[in-house]
Structures are given as structure tokens and as C-alpha cells.
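Inspection log for the structure reproduced underneath, given as C-alpha cells.
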2 protein chains.
Amino acid sequence: MATIQDVARRAGVGVGTVSRVLNGSPLVSDATRERVQRVIDEIGYRPSSLARALSLGRSTTIAAIVPFFTRASVVQRLRGVADVIGESDYDLVLYDVHTPEQRDRRFELATRTDRAGVLIISLAPSDDVVKALAEAAVPVVFVDRRVEGLSSVWTDDEAGGAAATRHLIELGHERIAFVGDRTDDPFGFTSSRDRFTGHRRAMASAGLPLVEEYEVAGEHGRHMAHRFTSQLLELDEPPTAVFAASDWQAFGVLEAAHDAGVSVPGELSVVGYDDVDVARHLGLTTVRQPLYETGSRAAEMLVSALDGTAGEATSVELPTELVVRRTTAPPT
Amino acid sequence: MATIQDVARRAGVGVGTVSRVLNGSPLVSDATRERVQRVIDEIGYRPSSLARALSLGRSTTIAAIVPFFTRASVVQRLRGVADVIGESDYDLVLYDVHTPEQRDRRFELATRTDRAGVLIISLAPSDDVVKALAEAAVPVVFVDRRVEGLSSVWTDDEAGGAAATRHLIELGHERIAFVGDRTDDPFGFTSSRDRFTGHRRAMASAGLPLVEEYEVAGEHGRHMAHRFTSQLLELDEPPTAVFAASDWQAFGVLEAAHDAGVSVPGELSVVGYDDVDVARHLGLTTVRQPLYETGSRAAEMLVSALDGTAGEATSVELPTELVVRRTTAPPT
DNA sequence: GTGAGGGCTGGAAGGGGTTCCAGCCGCTTC
DNA sequence: GAAGCGGCTGGAACCCCTTCCAGCCCTCAC
């Protein structure tokens with residue numbers, strides 16, 4: 001592997017000059033520049049970004065800490081991140097997190113200097129970590145979560161949840177169930193909880209009673225939602241509508257309804273959350289949140305912070321939007 | 001940020017000794033080791049992996065070059081990769097590729113030494129690139145593609161395609177259409193083409209005619225498949241079955257059938273390919289390929305190559321499997 | 001002619017690790 | 001008691017860049 005020394009020697013110049021050519025410094029005469037450039041092309045020299053980073057004291061890699069990057073919603077956000085970072089001079093390092101232990105380890109790593117910046121998706125840092133991050137030299141942007149004193153891009157889950165339930169209420173539903181994530185989730189995800197809060201708020205302001213049997217929560221995913229829905233449908237007074245905390249849970253609800261021979265939206269209305277790709281395909285009424293944009297906006301904020309064009313920590317809220325499709329209708 | 005010098009000074013030892021403690025060398029007395037370790041813990045010292053990599057001459061990052069990592073099938077593979085790399089001491093750098101230009105640029109970067117190893121998913125390198133990769137010091141493993149002289153993990157798309165069509169033939173279908181990707185695809189993806197070859201082979205060996213009208217190809221994705229299927233269904237003699245080169249294209253086919261009021265599987269049988277998550281959900285008959293395993297196996301191969309426990313380049317074929325669900329039935 | 005100043009250049013220092021080499025110490029061994 | 005040896009240690013050299021500083025040469029003004 002050729003080094004800057006080799007180039008300097010072959011071109012008959014000093015290493016400083018080669019470095020200046022490499023970095024487009026104006027302090028090089030055209031003749032010299034051309035000569036050096038020719039040698040570079042000839043021997044196919046490429047500077048070591050490792051050495052460069054060490055010398056500069058900053059790397060060009062951005063870490064993204066991501067939970068379950070298999071989930072469609074997370075992938076969408078990540079795509080926004082990847083698109084922006086791909087256009088920049090930075091590289092994207094992916095840290096997938098399955099367990100709270102991994103999460104904490106990753107957070108600890110994040111405070112080290114090896115990465116130029118850090119993007120944290122959907123994960124909740126403890127107060128200690130927040131402090132460490134705030135003190136650390138590396139810029140951090142949170143996606144899908146608001147953190148005091150640090151930059152973030154987020155949406156209002158509570159308002160979104162309220163909108164979903166309000167839609168059902170406006171259609172005339174009164175017995176509305178909520179299917180969400182377990183509340184003691186070890187990652188401290190709050191989106192399901194916030195959507196639930198919104199749901200209750202909407203129920204309350206419509207003067208509808210909160211029936212405990214209608215509020216179920218379990219492991220994230222289709223299966224649990226399926227099982228819960230089967231149980232809901234067997235109640236003496238089953239709900240006429242279900243608001244699921246995510247599209248995938250809504251799919252589980254739909255499946256369960258199908259299995260039980262309950263027609264949608266005839267006998268049961270269903271609303272999801274996220275507006276994942278497939279949602280449109282299946283005609284699911286849902287609350288759309290701008291997944292891609294949360295990722296791309298956050299990445300943009302981080303990159304401009306790294307390039308020094310951004311100022312203080314900023315918190316950006318992106319809007320959600322109710323998308324009415326074919327799984328909701330007035331109760332019969 | 002503390003350096004190894006600081007630790008050495010505070011512990012009253014030389015930097016060499018600190019480095020030895022850091023790397024678990026046996027050439028340190030227990031007393032010294034403990035003293036150094038205490039200082040490390042005290043001041044929360046973390047070695048710079050950048051400096052370490054530079055000094056060692058090798059980094060601990062693995063690059064994954066990935067096309068459209070939004071596609072569910074690609075995400076599945078990537079998950080396999082991420083799981084394995086997450087368990088190792090390496091970091092995963094993600095390069096998403098949307099255009100052939102990006103691909104070529106990424107390949108060029110791959111031949112440089114900054115990354116310890118490279119994983120290339122589904123993408124086709126030119127002969128020049130193959131040569132460069134073979135010569136470069138960095139180990140490379142291809143996923144979803146077989147490359148002469150380099151390691152790879154792949155499945156037999158032709159056999160899979162043949163199996164899909166054979167299934168339809170065995171059900172009694174004779175008018176079987178194929179909906180695939182455009183053949184002049186700029187990335188040189190070959191999977192759709194290979195599946196098509198398998199399809200034709202199966203037709204031929206069953207003595208069935210190849211009808212040109214039944215072989216359609218266009219941009220990858222649901223929409224094109226939708227449009228093509230609508231056209232197919234308007235033919236004087238429409239096909240009774242469709243083999244789509246991917247699950248998502250199969251979903252487009254299903255949509256088109258639904259829109260045209262054609263019942264599935266009553267009037268039209270549909271087979272997909274990949275067995276993406278949603279396929280099960282929608283009851284799609286499809287050819288399952290082990291997406292996750294393809295990624296994890298490749299990552300394992302790469303990691304062991306990096307750790308020196310692997311030998312020569314190896315090529316691993318993983319099996320495909322026909323999964324019959326609710327979208328195929330005998331013709332009426 | 002001299003001094004000042006500007007344009008360009010070479011090379012040393014520095015960034016934070018690893019490793020090799022030399023050296024010290026204390027113990028055997030003859 | 002000297003020689004030999006093994007265990008442990010300190011520190012210089014090195015990995016490959018960037019940047020700062022000093023210095024050279026020229027031009028221009030006085």
C-alpha cells in the first residue's frame with residue numbers, strides 16, 4: 001500500500017505538499033499540484049482514512065444505535081438516515097440492539113470519541129447516559145424521542161393516539177379497545193404508552209367510559225395482538241373498534257377478526273399506527289407518522305452539527321396524520 | 001480524553017506495560033497488572049480504536065455493500081449479518097446503493113484497506129472489480145451471488161424458479177405466466193433472470209409451450225407487477241396461474257386480480273419467491289429462500305477469515321423450499 | 001541597494017496506540 | 001562467585017496522516 005511518503009518521493013516534493021494537494025489547499029502552485037496529482041493517479045494512491053482521522057482527531061463515521069432494525073418502521077427511519085449520510089462524507093456504522101444490556105453497552109461506547117456523531121433511534125437513555133452524552137464531545141441526535149437539552153426529531157404520539165380514537169368516536173363507536181405494548185417494557189419505549197394516553201384522553205373528552213377489559217398490552221408484534229383480540233371478541237360485550245398501537249399489531253387484530261369470522265369494517269373497525277408500507281396494501285386505516293423524514297431530518301441535523309454549520313441543540317417535531325382507508329366504518 | 005500516556009504516568013509504569021495490560025499479555029506481573037487496571041478504572045480510560053487500528057494496520061470495521069436496503073428481503077439478510085457481527089468484535093458499516101454509479105464507487109472503496117473485510121449483498125461486480133478484490137488484502141464474501149475464486153453464500157435461483165412452476169404444473173395449470181424484473185437491469189441482478197430460466201425449463205420438460213405474451217418483465221416492485229397482471233388478465237386467453245419473481249411482485253399480482261374481480265386461487269393461482277415476513281400473513285404460496293441464514297453464514301465466514309481460522313475461499317449453497325399456502329389451487 | 005512582504009515549499013512534531021529491543025533483577029547452576 | 005537465564009519492564013520506533021513553523025525566492029516600494 002502506497003503512503004504519502006511514496007508519493008512525495010516520486011513527485012520530488014515534501015509530504016506537506018502532497019497533503020496540501022490532497023486537501024485542496026490553495027497554497028500549492030499549479031505546476032506542483034499537477035505533478036503530484038499525476039503521481040497519485042499513476043500509483044493509485046489513496047490516503048488512509050484511519051491515519052487521517054487520527055491525525056485530525058475526528059473520524060468520519062456516524063454511529064446509529066437502533067433497536068430491532070428488522071421492524072419495518074425502524075427500517076424506514078434508517079433508510080432516511082442512510083440516504084442522507086450516503087450523500088455526505090460520513091460513513092454509517094450500525095449498532096443493532098436486542099437487549100437492554102446491549103443498549104447500555106452501546107450507549108457507553110457512544111460517549112467515546114471514535115465516532116464523529118451518534119444517532120439514537122427510539123431508545124431511551126437513562127439520566128446518567130444523558131448527562132454523559134451532554135458532556136461528551138460527540139454530537140448526538142435522538143430520533144423518535146425527545147430529550148431535554150439534546151437534539152431530537154420526534155412526533156407527538158399522544159396527539160396521534162388521540163386522533164386515532166377520535167376518528168373512531170366520530171364514526172359513532174363507543175366500545176373502543178386499545179391493543180398495545182407491555183408497559184413494563186425493558187427498553188423503556190414510550191410510544192405505545194403515549195398513544196394509549198392519547199386514546200384515554202380522547203375517550204374522556206367524549207365522555208366515554210374507560211373499560212379496563214378493553215385495554216390490553218403485551219409483547220410487541222402480531223402474535224400477541226392476535227391472541228388478545230381473540231379474547232376481546234369473546235367478551236359478552238365485545239368492542240366494536242380496536243385501536244392498535246402499531247400497524248403490525250393491527251395486522252394481528254385483522255387476522256384474529258378473520259379467524260373469528262368477524263367482518264372488518266362491518267363488525268369491527270381497526271386503526272393502526274405508523275403507516276408502514278404494507279398498510280396501504282392492506283387498506284388499513286392508520287395514523288401516518290413520517291418515519292423516513294424523522295431519520296433524514298435527524299441525519300441532516302447531525303451532519304450540519306459536525307460540519308459546524310449548526311448551532312445549539314434543537315428539537316424538531318414532525319406532524320402525524322390520520323389516513324382513513326378500508327378498515328374503519330360506523331358501527332352497525 | 002485520557003491517553004495511554006496518562007495511565008502510564010499515573011500508574012508509574014511505561015506505556016508498553018499499559019498496552020500489555022490492555023491486551024491481556026501474560027508478560028505482566030499480577031501486582032503491576034492490578035495497579036494499572038485500577039488507574040484505568042479510576043480515570044475511565046478507553047483506548048482509541050482509531051489509534052489502535054492504525055498501529056495494528058487493520059481496522060475492526062466490516063463494510064456491507066447493500067442495494068436498496070429497504071427491500072424486505074435485503075433487510076432479512078442484513079439482519080443475519082448484523083446479528084453475527086454484533087456478537088463479534090467488529091463493527092458494521094453500511095453502504096446503501098441506489099445507482100450503478102454508487103455501486104462502482106463503493107466497490108472501489110472496498111478494495112482499500114480501511115475496512116477489515118467486505119460483505120457484498122446481491123450485487124454483481126464486474127470482472128475488473130473481481131480481480132481487484134481478489135488481489136486486495138481485504139477478505140470479501142458475497143451474499144446471494146456466486147463468484148468464481150471468491151467466497152460466497154448463495155441459493156440456486158434456477159432450481160427455485162423451476163420448483164415454483166413445477167408446483168403449478170402439478171396442480172394442472174398449463175397457461176402459466178411469469179412476472180419478473182427487467183432483464184436489462186443496470187445492477188446486473190440475476191436472480192429474476194435465473195428464476196425465469198428455471199420457469200422455462202420446467203415448462204419445457206412438461207412439454208408445455210412458452211407463450212411470449214405470458215412472459216413479462218419490468219421495474220422491480222408491486223406497481224409494475226400490478227399493471228402487467230391487469231394486462232395479462234385482459235388477454236383473450238388469460239393465464240390461469242402466475243409465477244412472480246418475488247413476493248412483492250406477487251402482492252402486486254394479487255392486487256391486480258382483486259381489482260379485476262378475479263378470485264385467487266379460484267380463477268388465478270399465484271406463486272411468489274422469497275417468503276418474506278408478510279407472505280405468511282397473506283397466505284402466499286412461495287419459494288422460501290433462507291434470507292437470514294444467507295447473511296449470517298456469510299458474516300460468520302468473513303469473521304473467521306479475519307480471525308485467521310478459515311482457510312481458502314469457499315462457496316456455500318443453501319437450499320430453497322416450496323411453501324404451499326392459500327394462493328394456489330388446481331385450475332377450474 | 002535594502003527591507004518588507006507574499007507565495008510556495010520541506011520537514012519536524014504530534015495524534016494514540018503496539019511492538020521490538022535492551023536492560024534490570026533475582027534465581028539457578030556449576 | 002561468575003555465568004546464564006527467565007520474568008518483567010521502560011521506552012524508542014513505527015503506523016500514516018495533518019499542520020505548524022521556518023526558510024527560500026521574488027517582487028515591490030522606498
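Chains: A, B, ... in order of the C-alpha cells. Residues: from 1 per chain. Ligands: from 1, in order shown.
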
Would you kindly report the residues of chain C within 10 Å of chain B, using only C-alpha atoms (C1' of nucleotides), as a ChimeraX atom specification? /C:15-19

Now that the selection is made, can you save its residues with C-alpha atoms (C1' of nucleotides) as a PDB file, in the first residue's frame?
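Full text of part.pdb as output:
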```
ATOM      1  C1'  DG C  15      -2.006  12.293  17.209  1.00  0.00           C
ATOM      2  C1'  DG C  16      -2.533   7.394  20.377  1.00  0.00           C
ATOM      3  C1'  DG C  17      -1.704   3.187  20.106  1.00  0.00           C
ATOM      4  C1'  DT C  18       1.675  -1.623  19.501  1.00  0.00           C
ATOM      5  C1'  DT C  19       5.883  -3.973  19.461  1.00  0.00           C
TER       6       DT C  19
END
```

For segment 265-281 of chain B, work out the shell of residues within 7 Å, counting only C-alpha atoms (C1' of nucleotides) and skipping chain neighbours fewer than 5 positions away, then give it as number ranges by chain. B: 72-73, 164, 240-247, 250, 286-289, 327-329, 331-332

Check: which chain A residues lie within 8 Å of chain B using only C-alpha atoms, as a JSON list (two decimals) with N, CA and C atoms, in the first residue's frame:
```json
[["chain", "number", "residue", "atom", "x", "y", "z"],
["A", 46, "ARG", "N", -4.22, 6.06, -2.36],
["A", 46, "ARG", "CA", -5.41, 6.50, -1.62],
["A", 46, "ARG", "C", -4.98, 6.76, -0.19],
["A", 48, "SER", "N", -5.03, 6.91, 3.74],
["A", 48, "SER", "CA", -5.67, 6.08, 4.76],
["A", 48, "SER", "C", -6.59, 6.95, 5.60],
["A", 49, "SER", "N", -7.86, 6.63, 5.56],
["A", 49, "SER", "CA", -8.78, 7.47, 6.32],
["A", 49, "SER", "C", -8.57, 7.28, 7.82],
["A", 50, "LEU", "N", -8.01, 6.13, 8.16],
["A", 50, "LEU", "CA", -7.70, 5.86, 9.55],
["A", 50, "LEU", "C", -6.66, 6.85, 10.07],
["A", 51, "ALA", "N", -5.57, 6.93, 9.35],
["A", 51, "ALA", "CA", -4.50, 7.84, 9.75],
["A", 51, "ALA", "C", -5.00, 9.28, 9.73],
["A", 53, "ALA", "N", -8.03, 10.31, 10.17],
["A", 53, "ALA", "CA", -8.90, 10.55, 11.31],
["A", 53, "ALA", "C", -8.09, 10.73, 12.59],
["A", 54, "LEU", "N", -7.09, 9.91, 12.76],
["A", 54, "LEU", "CA", -6.27, 10.02, 13.96],
["A", 54, "LEU", "C", -5.58, 11.37, 14.02],
["A", 69, "PHE", "N", -33.64, -3.72, 14.22],
["A", 69, "PHE", "CA", -33.75, -2.96, 12.98],
["A", 69, "PHE", "C", -34.47, -3.76, 11.91],
["A", 70, "THR", "N", -35.06, -4.82, 12.35],
["A", 70, "THR", "CA", -35.88, -5.64, 11.49],
["A", 70, "THR", "C", -37.28, -5.07, 11.35],
["A", 75, "VAL", "N", -36.74, 0.30, 9.97],
["A", 75, "VAL", "CA", -36.03, 0.28, 8.69],
["A", 75, "VAL", "C", -36.32, 1.55, 7.91],
["A", 76, "GLN", "N", -37.58, 1.99, 7.94],
["A", 76, "GLN", "CA", -37.92, 3.22, 7.24],
["A", 76, "GLN", "C", -37.12, 4.40, 7.77],
["A", 79, "ARG", "N", -33.61, 4.16, 6.68],
["A", 79, "ARG", "CA", -33.41, 4.50, 5.28],
["A", 79, "ARG", "C", -33.22, 6.01, 5.13],
["A", 82, "ALA", "N", -29.73, 6.64, 6.24],
["A", 82, "ALA", "CA", -28.73, 6.15, 5.29],
["A", 82, "ALA", "C", -28.66, 7.03, 4.05],
["A", 83, "ASP", "N", -29.83, 7.48, 3.58],
["A", 83, "ASP", "CA", -29.83, 8.30, 2.38],
["A", 83, "ASP", "C", -29.04, 9.58, 2.60],
["A", 86, "GLY", "N", -25.31, 8.81, 3.21],
["A", 86, "GLY", "CA", -24.69, 8.38, 1.97],
["A", 86, "GLY", "C", -24.27, 9.54, 1.09],
["A", 91, "ASP", "N", -19.51, 7.94, 7.05],
["A", 91, "ASP", "CA", -19.92, 6.55, 6.93],
["A", 91, "ASP", "C", -20.86, 6.21, 8.07],
["A", 92, "LEU", "N", -21.73, 5.27, 7.82],
["A", 92, "LEU", "CA", -22.73, 4.89, 8.80],
["A", 92, "LEU", "C", -22.38, 3.56, 9.45],
["A", 93, "VAL", "N", -22.19, 3.58, 10.76],
["A", 93, "VAL", "CA", -21.94, 2.34, 11.50],
["A", 93, "VAL", "C", -23.21, 1.95, 12.23],
["A", 94, "LEU", "N", -23.63, 0.72, 12.02],
["A", 94, "LEU", "CA", -24.91, 0.29, 12.55],
["A", 94, "LEU", "C", -24.73, -0.56, 13.80],
["A", 95, "TYR", "N", -25.38, -0.16, 14.87],
["A", 95, "TYR", "CA", -25.39, -0.98, 16.06],
["A", 95, "TYR", "C", -26.81, -1.43, 16.34],
["A", 96, "ASP", "N", -27.03, -2.71, 16.12],
["A", 96, "ASP", "CA", -28.36, -3.24, 16.37],
["A", 96, "ASP", "C", -28.43, -3.65, 17.84],
["A", 112, "ARG", "N", -17.68, 7.63, 23.62],
["A", 112, "ARG", "CA", -16.27, 7.68, 23.28],
["A", 112, "ARG", "C", -16.07, 8.43, 21.98],
["A", 113, "THR", "N", -14.87, 8.79, 21.70],
["A", 113, "THR", "CA", -14.63, 9.73, 20.61],
["A", 113, "THR", "C", -14.51, 9.10, 19.23],
["A", 114, "ASP", "N", -14.49, 7.80, 19.17],
["A", 114, "ASP", "CA", -14.18, 7.20, 17.89],
["A", 114, "ASP", "C", -15.19, 7.47, 16.80]]
```

Residues of chain D within 9 Å of chain B, counting only C-alpha atoms (C1' of nucleotides) - could you list those as a PyMOL selection string? chain D and resi 7-11+14-16

Go ahead and save the picked residues with N, CA and C atoms (P, O5', C5', C4', C3', O3' and C1' of nucleotides), as a compact mmCIF listing (two decimals), in the first residue's frame.
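Once everything was written out, this is out.txt:
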```txt
# COMPACT_ATOMS: atom_id res chain seq x y z
P DG D 7 9.88 -17.38 31.96
O5' DG D 7 9.57 -16.13 32.90
C5' DG D 7 9.77 -16.25 34.31
C4' DG D 7 9.63 -14.86 34.92
C3' DG D 7 8.45 -14.07 34.36
O3' DG D 7 7.82 -13.40 35.43
C1' DG D 7 10.45 -12.86 34.02
P DC D 8 6.40 -12.75 35.22
O5' DC D 8 6.84 -11.25 34.96
C5' DC D 8 7.34 -10.49 36.07
C4' DC D 8 7.98 -9.24 35.55
C3' DC D 8 7.06 -8.22 34.91
O3' DC D 8 6.88 -7.18 35.88
C1' DC D 8 9.19 -8.36 33.83
P DT D 9 5.95 -5.96 35.55
O5' DT D 9 6.93 -4.97 34.80
C5' DT D 9 8.06 -4.45 35.51
C4' DT D 9 8.90 -3.61 34.57
C3' DT D 9 8.15 -2.50 33.85
O3' DT D 9 8.51 -1.27 34.44
C1' DT D 9 9.72 -3.63 32.43
P DG D 10 7.71 0.05 34.02
O5' DG D 10 8.75 0.69 33.00
C5' DG D 10 10.07 0.92 33.43
C4' DG D 10 10.87 1.54 32.31
C3' DG D 10 10.20 2.74 31.63
O3' DG D 10 11.21 3.72 31.44
C1' DG D 10 10.65 1.04 30.02
P DG D 11 10.82 5.14 30.84
O5' DG D 11 11.11 4.94 29.29
C5' DG D 11 12.43 4.57 28.90
C4' DG D 11 12.47 4.41 27.41
C3' DG D 11 11.75 5.50 26.62
O3' DG D 11 12.48 5.71 25.44
C1' DG D 11 10.89 3.44 26.01
P DC D 14 11.94 3.44 12.82
O5' DC D 14 10.41 3.06 12.57
C5' DC D 14 9.95 1.73 12.85
C4' DC D 14 8.44 1.73 12.87
C3' DC D 14 7.77 2.57 11.77
O3' DC D 14 6.97 1.72 10.99
C1' DC D 14 6.73 2.91 13.87
P DC D 15 6.59 2.20 9.49
O5' DC D 15 5.01 2.18 9.54
C5' DC D 15 4.28 1.08 10.08
C4' DC D 15 2.88 1.55 10.35
C3' DC D 15 2.45 2.68 9.41
O3' DC D 15 1.66 2.14 8.36
C1' DC D 15 1.86 3.12 11.71
P DC D 16 1.94 2.68 6.88
O5' DC D 16 1.17 4.07 6.81
C5' DC D 16 -0.24 4.08 6.91
C4' DC D 16 -0.67 5.52 7.05
C3' DC D 16 -0.17 6.45 5.95
O3' DC D 16 -1.30 7.09 5.41
C1' DC D 16 0.20 7.39 8.09
```

Could you pull out the strand (DSSP E or B) residues of segment 64-102 of chain B, going by DSSP on the backbone, and write them as a PyMOL selection string? chain B and resi 64-67+91-97

Skipping near chain neighbours, those fewer than 2 positions away, what residues fall within 8 Å of segment 211-217 of chain B using only C-alpha atoms (C1' of nucleotides), listed as a list in words?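 What passes the distance filter is Ile176, Ala177, Phe178, Val179, Gly180, Asp181, Arg182, Thr183, Pro209, Glu219, Phe228, Leu232 and Pro239 of chain B.
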
Which residues are close to segment 20-26 of chain D, i.e. within 12 Å by only C-alpha atoms (C1' of nucleotides), leaving aside same-chain residues fewer than 6 positions away? Reply as a PyMOL selection string. (chain A and resi 16) or (chain C and resi 5-14)

Only C-alpha atoms (C1' of nucleotides), please: the residues just picked out, written as a PDB file, in the first residue's frame.
```pdb
ATOM      1  CA  GLY A  16       3.359  18.531   3.378  1.00  0.00           C
TER       2      GLY A  16
ATOM      3  C1'  DG C   5       6.097  41.110   2.413  1.00  0.00           C
ATOM      4  C1'  DG C   6       3.913  37.343  -0.048  1.00  0.00           C
ATOM      5  C1'  DG C   7       3.824  32.802  -2.353  1.00  0.00           C
ATOM      6  C1'  DC C   8       5.289  28.386  -2.082  1.00  0.00           C
ATOM      7  C1'  DT C   9       7.747  24.618  -0.020  1.00  0.00           C
ATOM      8  C1'  DG C  10      10.116  20.997   3.124  1.00  0.00           C
ATOM      9  C1'  DG C  11      10.136  18.700   7.174  1.00  0.00           C
ATOM     10  C1'  DA C  12       9.522  18.054  12.130  1.00  0.00           C
ATOM     11  C1'  DA C  13       6.179  17.360  15.575  1.00  0.00           C
ATOM     12  C1'  DG C  14       2.148  15.306  17.013  1.00  0.00           C
TER      13       DG C  14
END
```

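In this model, the gap between atom CA of Thr314 of chain B and atom CA of Thr99 of chain B comes to 28.9 Å.
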